[in-house]
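**Q** To start, I am sharing the structure in question, which I have written as C-alpha cells.
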Amino acid sequence: MTLSIEEVNRLKHAPKIEGVLPLFHTRWSPRSFSDREVSPADLEKVFEAARWAASSYNEQPWRFLVGTRGSETYKKIFDSLIPFNQLWAASAPVLILGVAKTTFSHNGTPNRVALYDLGAATSYLTLQAAALGLATHQMAGFDPEAARKAFAIPADYLIGAVIALGYQSEPAALANEQLVAQEVTPRQRKPLKEVMLSSWGAAEGS
Ligand SMILES: Cc1cc2nc3c(=O)[nH]c(=O)nc-3n(C[C@H](O)[C@H](O)[C@H](O)COP(=O)(O)O)c2cc1C
C-alpha cells in the first residue's frame, strides 16, 4: 500500500493542542524529496529566520554552507554522508552543512554553547522551511572530518549537522521497503512528565 503526500502528512501530524503554534506539530523529517528546485528567494527566507535566533553574547556562531544540486558545495556535503543517508538524501535539491564558531569574537574565550546556538538557529530554519511548504531532514550521519577537509574549515569551528531541504515527495519514491516503512511510521515523543522536571528524576507537579 502506498500513501500520498497528504495522507502521510496527516499520519505524521502530532495531536493538536490549543494555543501551540500548528507548525510545531506539522513539521516532520521526510526522506522522500521531489525534483522541484527551491527558489533563491525562499532559500534566503529560511536563513533569514535562522539569523534571528538568540545566541550567547549575540555571537551568532552559526555558519551554513549551502549547496544546491549540481554545485561543488552540494557534492562536497553529499560525499561526506554515510551510505544510508546518501541513499535518500540524493533526491534533496539542497544540502546544508551547519558549523559553529567555538570562540567568542569579543574576547577570544571559548564559547561552550556554540553548538547549542547552532541548533537553535537550525530549529528556526526548519520551522521557517515548514511555513514555506518545504521539508527538512537533519543528519548526524556523515563524516565531520571529511567535511572539514573538503571545505578547509578552521579548527576553531565545530561541525554540527547536515540538513537536506526541498519539497516532499511520495513515500513510494524511496529506494527500498525499509525507507518506505520508516516514512509512514507515526511520530513518537516522550511524555511531558519525563522531560519537564521539578527536581532530578521527579516530574514537575508530582
Ligand atoms: C541532529 C540530528 C541528527 C539526525 N541524524 C539523522 C541521520 O543521520 N539520518 C536520518 O535519516 N535521520 C536523522 N535525523 C532525523 C531524526 O531521526 C528525526 O528528526 C527524529 O526521528 C524525529 O522525527 P521528526 O523530525 O520527523 O519529528 C537526525 C535529526 C537530528 C535533529
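Letters A, B, ... go to the chains of the C-alpha cells in the order shown; residues in each chain start at 1; ligands are counted from 1 in the same order.
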Within 9 Å of ligand 1, counting only C-alpha atoms and all ligand atoms, which protein or nucleic acid residues do you find, written as a PyMOL selection string?
**A** chain A and resi 12+14+25-31+81-82+84-85+88-89+119+123+136-142+160-163+183+186-189
**Q** Can you list, as a PyMOL selection string, every residue of range 99-161 of chain A that DSSP puts in helix (DSSP H, G or I)?
**A** chain A and resi 114-131+144-151
**Q** So, counting only C-alpha atoms, which residue among A:Ser206, A:Ser39, A:Ser91, A:Ser80 is closest to Leu132 in chain A?
**A**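 Among the listed residues, A:Ser39 lies closest to Leu132 in chain A.
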**Q** Residues at most 12 Å from Gly98 in chain A, counting only C-alpha atoms, excluding those fewer than 5 positions away in the same chain, as a PyMOL selection string?
**A** chain A and resi 47+50+61-67+77+114-123+125+138-140+144+147-148+153+157-164
**Q** Can you tell me which residues surround Lys45 in chain A at a distance of at most 8 Å, considering only C-alpha atoms, apart from same-chain residues fewer than 4 positions away, and format the answer as a VMD selection string?
**A** chain A and resid 41 49 128
**Q** Those selected residues, please, written with N, CA, C and O atoms and delivered as a compact mmCIF listing (two decimals), in the first residue's frame.
**A**
```txt
# COMPACT_ATOMS: atom_id res chain seq x y z
N ALA A 41 14.83 32.96 -3.55
CA ALA A 41 14.12 33.84 -2.60
C ALA A 41 13.64 33.05 -1.38
O ALA A 41 13.77 33.51 -0.25
N ALA A 49 15.25 33.53 8.79
CA ALA A 49 14.66 33.09 10.06
C ALA A 49 15.76 32.60 11.00
O ALA A 49 15.79 32.97 12.19
N GLN A 128 10.80 27.67 9.64
CA GLN A 128 10.52 28.61 8.54
C GLN A 128 10.35 27.83 7.24
O GLN A 128 9.47 28.14 6.43
```
**Q** CA of His106 in chain A to CA of Glu59 in chain A: how many Å, to one decimal?
**A**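 Separation of CA of His106 in chain A and CA of Glu59 in chain A: 8.5 Å.
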**Q** Give the strand (DSSP E or B) residues of range 76-149 of chain A, as DSSP finds them on the backbone, and put them as a short mmCIF file (atom, residue, chain, number, x, y, z; two decimals) with all heavy atoms, in the first residue's frame.
**A**
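And here's part16.cif as it stands now:
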```
data_model
loop_
_atom_site.label_atom_id
_atom_site.label_comp_id
_atom_site.auth_asym_id
_atom_site.auth_seq_id
_atom_site.Cartn_x
_atom_site.Cartn_y
_atom_site.Cartn_z
N LEU A 81 28.42 12.21 3.47
CA LEU A 81 27.33 11.45 4.12
C LEU A 81 27.63 9.95 4.18
O LEU A 81 28.28 9.40 3.28
CB LEU A 81 26.02 11.64 3.34
CG LEU A 81 25.46 13.07 3.25
CD1 LEU A 81 24.19 13.08 2.40
CD2 LEU A 81 25.18 13.62 4.64
N VAL A 94 18.72 20.64 -2.04
CA VAL A 94 19.63 21.50 -1.27
C VAL A 94 20.22 20.69 -0.11
O VAL A 94 19.47 20.00 0.60
CB VAL A 94 18.91 22.76 -0.72
CG1 VAL A 94 19.89 23.67 0.01
CG2 VAL A 94 18.20 23.52 -1.82
N LEU A 95 21.52 20.79 0.06
CA LEU A 95 22.19 20.20 1.23
C LEU A 95 22.93 21.32 1.93
O LEU A 95 23.61 22.15 1.30
CB LEU A 95 23.18 19.10 0.81
CG LEU A 95 22.58 17.80 0.29
CD1 LEU A 95 23.70 16.84 -0.15
CD2 LEU A 95 21.70 17.12 1.35
N ILE A 96 22.79 21.32 3.26
CA ILE A 96 23.35 22.41 4.08
C ILE A 96 24.24 21.79 5.15
O ILE A 96 23.86 20.78 5.76
CB ILE A 96 22.20 23.20 4.75
CG1 ILE A 96 21.25 23.78 3.69
CG2 ILE A 96 22.74 24.29 5.66
CD1 ILE A 96 19.85 24.09 4.23
N LEU A 97 25.39 22.39 5.38
CA LEU A 97 26.24 21.94 6.49
C LEU A 97 26.30 23.05 7.53
O LEU A 97 26.71 24.17 7.23
CB LEU A 97 27.66 21.62 5.97
CG LEU A 97 28.69 21.27 7.04
CD1 LEU A 97 28.34 19.97 7.77
CD2 LEU A 97 30.09 21.16 6.43
N GLY A 98 25.87 22.73 8.75
CA GLY A 98 25.89 23.71 9.85
C GLY A 98 27.18 23.61 10.64
O GLY A 98 27.62 22.53 11.02
N VAL A 99 27.80 24.77 10.87
CA VAL A 99 29.10 24.84 11.54
C VAL A 99 29.02 25.93 12.61
O VAL A 99 28.30 26.91 12.43
CB VAL A 99 30.19 25.19 10.48
CG1 VAL A 99 31.54 25.38 11.11
CG2 VAL A 99 30.25 24.11 9.40
N ALA A 100 29.74 25.74 13.73
CA ALA A 100 29.67 26.72 14.82
C ALA A 100 31.05 27.20 15.24
O ALA A 100 31.96 26.38 15.46
CB ALA A 100 28.96 26.08 16.02
N LYS A 101 31.19 28.50 15.37
CA LYS A 101 32.46 29.11 15.82
C LYS A 101 32.56 28.94 17.33
O LYS A 101 31.65 29.35 18.07
CB LYS A 101 32.46 30.59 15.44
CG LYS A 101 33.73 31.32 15.78
CD LYS A 101 33.66 32.74 15.21
CE LYS A 101 34.97 33.47 15.38
NZ LYS A 101 35.13 34.01 16.74
N THR A 103 34.78 30.08 19.58
CA THR A 103 35.36 31.13 20.42
C THR A 103 34.57 32.42 20.23
O THR A 103 34.05 32.68 19.14
CB THR A 103 36.84 31.41 20.06
OG1 THR A 103 36.91 31.66 18.65
CG2 THR A 103 37.74 30.24 20.42
N PRO A 110 36.63 30.58 25.00
CA PRO A 110 35.79 29.50 24.44
C PRO A 110 34.30 29.76 24.63
O PRO A 110 33.88 30.28 25.68
CB PRO A 110 36.22 28.26 25.24
CG PRO A 110 37.55 28.59 25.81
CD PRO A 110 37.55 30.08 26.04
N ALA A 135 10.33 20.86 3.13
CA ALA A 135 10.69 19.83 4.11
C ALA A 135 12.17 19.91 4.42
O ALA A 135 12.98 20.32 3.57
CB ALA A 135 10.36 18.46 3.54
N THR A 136 12.52 19.54 5.66
CA THR A 136 13.94 19.46 6.04
C THR A 136 14.19 18.12 6.73
O THR A 136 13.28 17.56 7.34
CB THR A 136 14.33 20.59 7.03
OG1 THR A 136 13.40 20.57 8.13
CG2 THR A 136 14.31 21.95 6.37
N HIS A 137 15.40 17.64 6.62
CA HIS A 137 15.78 16.43 7.35
C HIS A 137 17.24 16.59 7.78
O HIS A 137 18.15 16.66 6.96
CB HIS A 137 15.61 15.19 6.46
CG HIS A 137 15.56 13.93 7.26
ND1 HIS A 137 14.54 13.02 7.18
CD2 HIS A 137 16.41 13.43 8.21
CE1 HIS A 137 14.75 12.02 8.00
NE2 HIS A 137 15.90 12.24 8.65
N GLN A 138 17.42 16.69 9.10
CA GLN A 138 18.77 16.87 9.65
C GLN A 138 19.48 15.53 9.75
O GLN A 138 18.85 14.50 9.92
CB GLN A 138 18.68 17.52 11.03
CG GLN A 138 18.02 18.89 10.99
CD GLN A 138 17.66 19.39 12.38
OE1 GLN A 138 18.53 19.78 13.14
NE2 GLN A 138 16.38 19.39 12.70
N MET A 139 20.81 15.58 9.66
CA MET A 139 21.60 14.35 9.70
C MET A 139 22.88 14.51 10.52
O MET A 139 23.62 15.46 10.32
CB MET A 139 22.05 13.96 8.28
CG MET A 139 20.97 13.44 7.40
SD MET A 139 21.58 13.37 5.69
CE MET A 139 20.91 14.89 5.05
N PHE A 142 27.25 11.56 8.98
CA PHE A 142 28.23 11.97 7.96
C PHE A 142 29.59 12.03 8.64
O PHE A 142 29.68 11.97 9.86
CB PHE A 142 27.85 13.32 7.32
CG PHE A 142 27.97 14.51 8.24
CD1 PHE A 142 29.03 15.39 8.13
CD2 PHE A 142 27.03 14.75 9.24
CE1 PHE A 142 29.16 16.48 8.97
CE2 PHE A 142 27.14 15.84 10.09
CZ PHE A 142 28.20 16.70 9.96
#
```
**Q** Quick one, how far is CA of Val195 in chain A from CA of Ile17 in chain A?
**A**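 Answer for the CA of Val195 in chain A to CA of Ile17 in chain A separation: 17.8 Å.
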**Q** Work out how far CA of Glu44 in chain A is from CA of Asp143 in chain A, in Å to one decimal.
**A**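 Going from CA of Asp143 in chain A over to CA of Glu44 in chain A covers 26.7 Å.
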**Q** Would you mind telling me which residue in A:Glu72, A:Gln86, A:Val184, A:Gly108 lies nearest to Ala150 in chain A when using only C-alpha atoms?
**A**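 Distance minimum relative to Ala150 in chain A lands on A:Glu72.
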**Q** Write out as a VMD selection string which residues come within 7 Å of range 4-6 of chain A when counting only C-alpha atoms, dropping same-chain ones fewer than 2 positions away.
**A** chain A and resid 2 8 to 10 169 to 170
